[in-house]
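Listing of run.pdb, PDB, C-alpha atoms
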ATOM      1  CA  MET F   1       0.000   0.000   0.000  1.00  0.00           C
ATOM      2  CA  ALA F   2       0.934   3.625  -0.401  1.00  0.00           C
ATOM      3  CA  THR F   3       2.029   5.746   2.515  1.00  0.00           C
ATOM      4  CA  LEU F   4       0.963   9.202   3.594  1.00  0.00           C
ATOM      5  CA  LYS F   5       3.291  11.749   5.140  1.00  0.00           C
ATOM      6  CA  ILE F   6       1.256  13.681   7.704  1.00  0.00           C
ATOM      7  CA  THR F   7       2.665  16.895   9.184  1.00  0.00           C
ATOM      8  CA  GLN F   8       1.078  18.950  11.958  1.00  0.00           C
ATOM      9  CA  VAL F   9       1.072  22.584  10.840  1.00  0.00           C
ATOM     10  CA  LYS F  10      -1.194  24.242  13.424  1.00  0.00           C
ATOM     11  CA  SER F  11      -1.365  24.098  17.200  1.00  0.00           C
ATOM     12  CA  LYS F  12      -3.825  21.804  18.926  1.00  0.00           C
ATOM     13  CA  ILE F  13      -4.535  24.493  21.534  1.00  0.00           C
ATOM     14  CA  GLY F  14      -8.219  25.346  21.283  1.00  0.00           C
ATOM     15  CA  SER F  15      -9.116  22.047  19.630  1.00  0.00           C
ATOM     16  CA  THR F  16     -11.642  19.650  21.081  1.00  0.00           C
ATOM     17  CA  LYS F  17     -10.579  16.683  23.205  1.00  0.00           C
ATOM     18  CA  ARG F  18     -11.530  14.390  20.342  1.00  0.00           C
ATOM     19  CA  GLN F  19      -9.272  16.230  17.887  1.00  0.00           C
ATOM     20  CA  LYS F  20      -6.386  16.205  20.367  1.00  0.00           C
ATOM     21  CA  ALA F  21      -6.853  12.463  20.845  1.00  0.00           C
ATOM     22  CA  THR F  22      -6.874  11.956  17.071  1.00  0.00           C
ATOM     23  CA  LEU F  23      -3.560  13.799  16.707  1.00  0.00           C
ATOM     24  CA  GLU F  24      -2.092  11.681  19.497  1.00  0.00           C
ATOM     25  CA  THR F  25      -3.335   8.492  17.850  1.00  0.00           C
ATOM     26  CA  LEU F  26      -1.737   9.523  14.568  1.00  0.00           C
ATOM     27  CA  GLY F  27       1.534  10.046  16.474  1.00  0.00           C
ATOM     28  CA  LEU F  28       1.752  13.825  16.074  1.00  0.00           C
ATOM     29  CA  ARG F  29       3.207  15.631  19.080  1.00  0.00           C
ATOM     30  CA  ARG F  30       4.072  19.180  18.058  1.00  0.00           C
ATOM     31  CA  ILE F  31       3.992  21.643  15.178  1.00  0.00           C
ATOM     32  CA  ASN F  32       6.170  20.556  12.208  1.00  0.00           C
ATOM     33  CA  HIS F  33       6.301  16.971  13.494  1.00  0.00           C
ATOM     34  CA  SER F  34       5.803  14.466  10.666  1.00  0.00           C
ATOM     35  CA  VAL F  35       4.836  10.806  10.614  1.00  0.00           C
ATOM     36  CA  GLU F  36       4.313   8.297   7.835  1.00  0.00           C
ATOM     37  CA  ARG F  37       1.222   6.107   7.941  1.00  0.00           C
ATOM     38  CA  GLU F  38      -0.308   3.535   5.610  1.00  0.00           C
ATOM     39  CA  ASP F  39      -3.020   4.818   3.277  1.00  0.00           C
ATOM     40  CA  THR F  40      -5.911   2.949   4.930  1.00  0.00           C
ATOM     41  CA  PRO F  41      -9.550   4.000   5.368  1.00  0.00           C
ATOM     42  CA  GLU F  42      -9.011   4.296   9.129  1.00  0.00           C
ATOM     43  CA  VAL F  43      -6.091   6.711   8.775  1.00  0.00           C
ATOM     44  CA  LEU F  44      -7.870   8.719   6.079  1.00  0.00           C
ATOM     45  CA  GLY F  45     -10.861   9.087   8.407  1.00  0.00           C
ATOM     46  CA  MET F  46      -8.654  10.373  11.221  1.00  0.00           C
ATOM     47  CA  VAL F  47      -6.941  12.830   8.873  1.00  0.00           C
ATOM     48  CA  GLU F  48     -10.339  14.078   7.689  1.00  0.00           C
ATOM     49  CA  LYS F  49     -11.274  14.984  11.292  1.00  0.00           C
ATOM     50  CA  VAL F  50      -8.144  17.116  11.798  1.00  0.00           C
ATOM     51  CA  LYS F  51      -7.529  18.309   8.241  1.00  0.00           C
ATOM     52  CA  HIS F  52      -7.434  21.940   9.414  1.00  0.00           C
ATOM     53  CA  LEU F  53      -4.423  21.128  11.636  1.00  0.00           C
ATOM     54  CA  VAL F  54      -2.330  18.933   9.310  1.00  0.00           C
ATOM     55  CA  ARG F  55      -0.781  18.811   5.844  1.00  0.00           C
ATOM     56  CA  ILE F  56      -0.820  15.569   3.857  1.00  0.00           C
ATOM     57  CA  GLU F  57       1.679  14.459   1.210  1.00  0.00           C
ATOM     58  CA  ARG F  58       1.385  11.265  -0.806  1.00  0.00           C
TER      59      ARG F  58
END
Starting from the file, lay out its structure as structure tokens.
Amino acid sequence: MATLKITQVKSKIGSTKRQKATLETLGLRRINHSVEREDTPEVLGMVEKVKHLVRIER
């Protein structure tokens, strides 16, 4: 499968608890932190919930 590079570009301050938990589950800890994840429906769903806080590269 393909991988996605997910980078946090905005602060999680002011986000809901659910959005903060989603960022933590994705493995993002701070601004400009990047992780690579498999391109699965589960990961795409999580990214969709925090798309205003992250940048995605394929």
query = Near F:Ser11, within 8 Å and counting only C-alpha atoms, which residues show up once chain neighbours fewer than 3 positions away are dropped, as a list of chain:residue names?
reply = F:Gln8, F:Arg30, F:Ile31, F:Leu53
inquiry  = Please list as an MDAnalysis selection string every residue within 10 Å of F:Arg18, counting only C-alpha atoms and excluding residues in the same chain fewer than 5 positions away.
reply    = chainID F and resid 23:24 49:50
Around all the atoms of stretch 8-24 of chain F listed in the file, draw an axis-aligned box and extend it by 6 Å on each of the six sides; I want its centre and edge lengths in Å to one decimal, as lines of an AutoDock Vina configuration file.
center_x = -5.3
center_y = 18.5
center_z = 17.0
size_x = 24.7
size_y = 25.7
size_z = 24.4
request  = Report the distance between atom CA of F:Val43 and atom CA of F:Ile13 in Å, rounded to one decimal place.
outcome  =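 If I compute the distance from atom CA of F:Val43 to atom CA of F:Ile13, I get 21.9 Å.
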ask   = What residues come out when you apply the PyMOL selection byres ((chain F and resi 46) around 9) to this file, written as an MDAnalysis selection string?
value = chainID F and resid 19 22:23 25:26 41:45 47:51
key: Point-to-point distance from atom CA of F:Arg55 to atom CA of F:Thr16, Å rounded to tenths   =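 Atom-to-atom, atom CA of F:Arg55 and atom CA of F:Thr16 are spaced 18.7 Å apart.
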Explicit residue set for the PyMOL selection byres ((chain F and resi 56) around 8), as a list in words =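 Selected by the PyMOL selection byres ((chain F and resi 56) around 8) here: Leu4, Lys5, Ile6, Thr7, Val54, Arg55, Glu57 and Arg58 of chain F.
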Based on the selection just made, write C-alpha atoms of those residues as a short mmCIF file (atom, residue, chain, number, x, y, z; two decimals), keeping the file's coordinate frame.
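The result, stored in part-v5.cif:
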data_model
loop_
_atom_site.label_atom_id
_atom_site.label_comp_id
_atom_site.auth_asym_id
_atom_site.auth_seq_id
_atom_site.Cartn_x
_atom_site.Cartn_y
_atom_site.Cartn_z
CA LEU F 4 0.96 9.20 3.59
CA LYS F 5 3.29 11.75 5.14
CA ILE F 6 1.26 13.68 7.70
CA THR F 7 2.66 16.90 9.18
CA VAL F 54 -2.33 18.93 9.31
CA ARG F 55 -0.78 18.81 5.84
CA GLU F 57 1.68 14.46 1.21
CA ARG F 58 1.38 11.26 -0.81
#
task = Calculate how many Å separate atom CA of F:Lys20 from atom CA of F:His52, rounding to one decimal.
result =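 Computed distance, atom CA of F:Lys20 to atom CA of F:His52, equals 12.4 Å.
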task = Find the residues around F:Ala2 up to 9 Å (all atoms listed in the file counted), leave out those fewer than 6 positions away in its own chain, and share them as a ChimeraX atom specification.
result = /F:37-40,58
Same residues, C-alpha atoms, saved as an mmCIF file, in the coordinates of the input:
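The resulting result.cif:
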data_model
loop_
_atom_site.group_PDB
_atom_site.id
_atom_site.type_symbol
_atom_site.label_atom_id
_atom_site.label_comp_id
_atom_site.auth_asym_id
_atom_site.auth_seq_id
_atom_site.Cartn_x
_atom_site.Cartn_y
_atom_site.Cartn_z
ATOM 1 C CA ARG F 37 1.222 6.107 7.941
ATOM 2 C CA GLU F 38 -0.308 3.535 5.610
ATOM 3 C CA ASP F 39 -3.020 4.818 3.277
ATOM 4 C CA THR F 40 -5.911 2.949 4.930
ATOM 5 C CA ARG F 58 1.385 11.265 -0.806
#
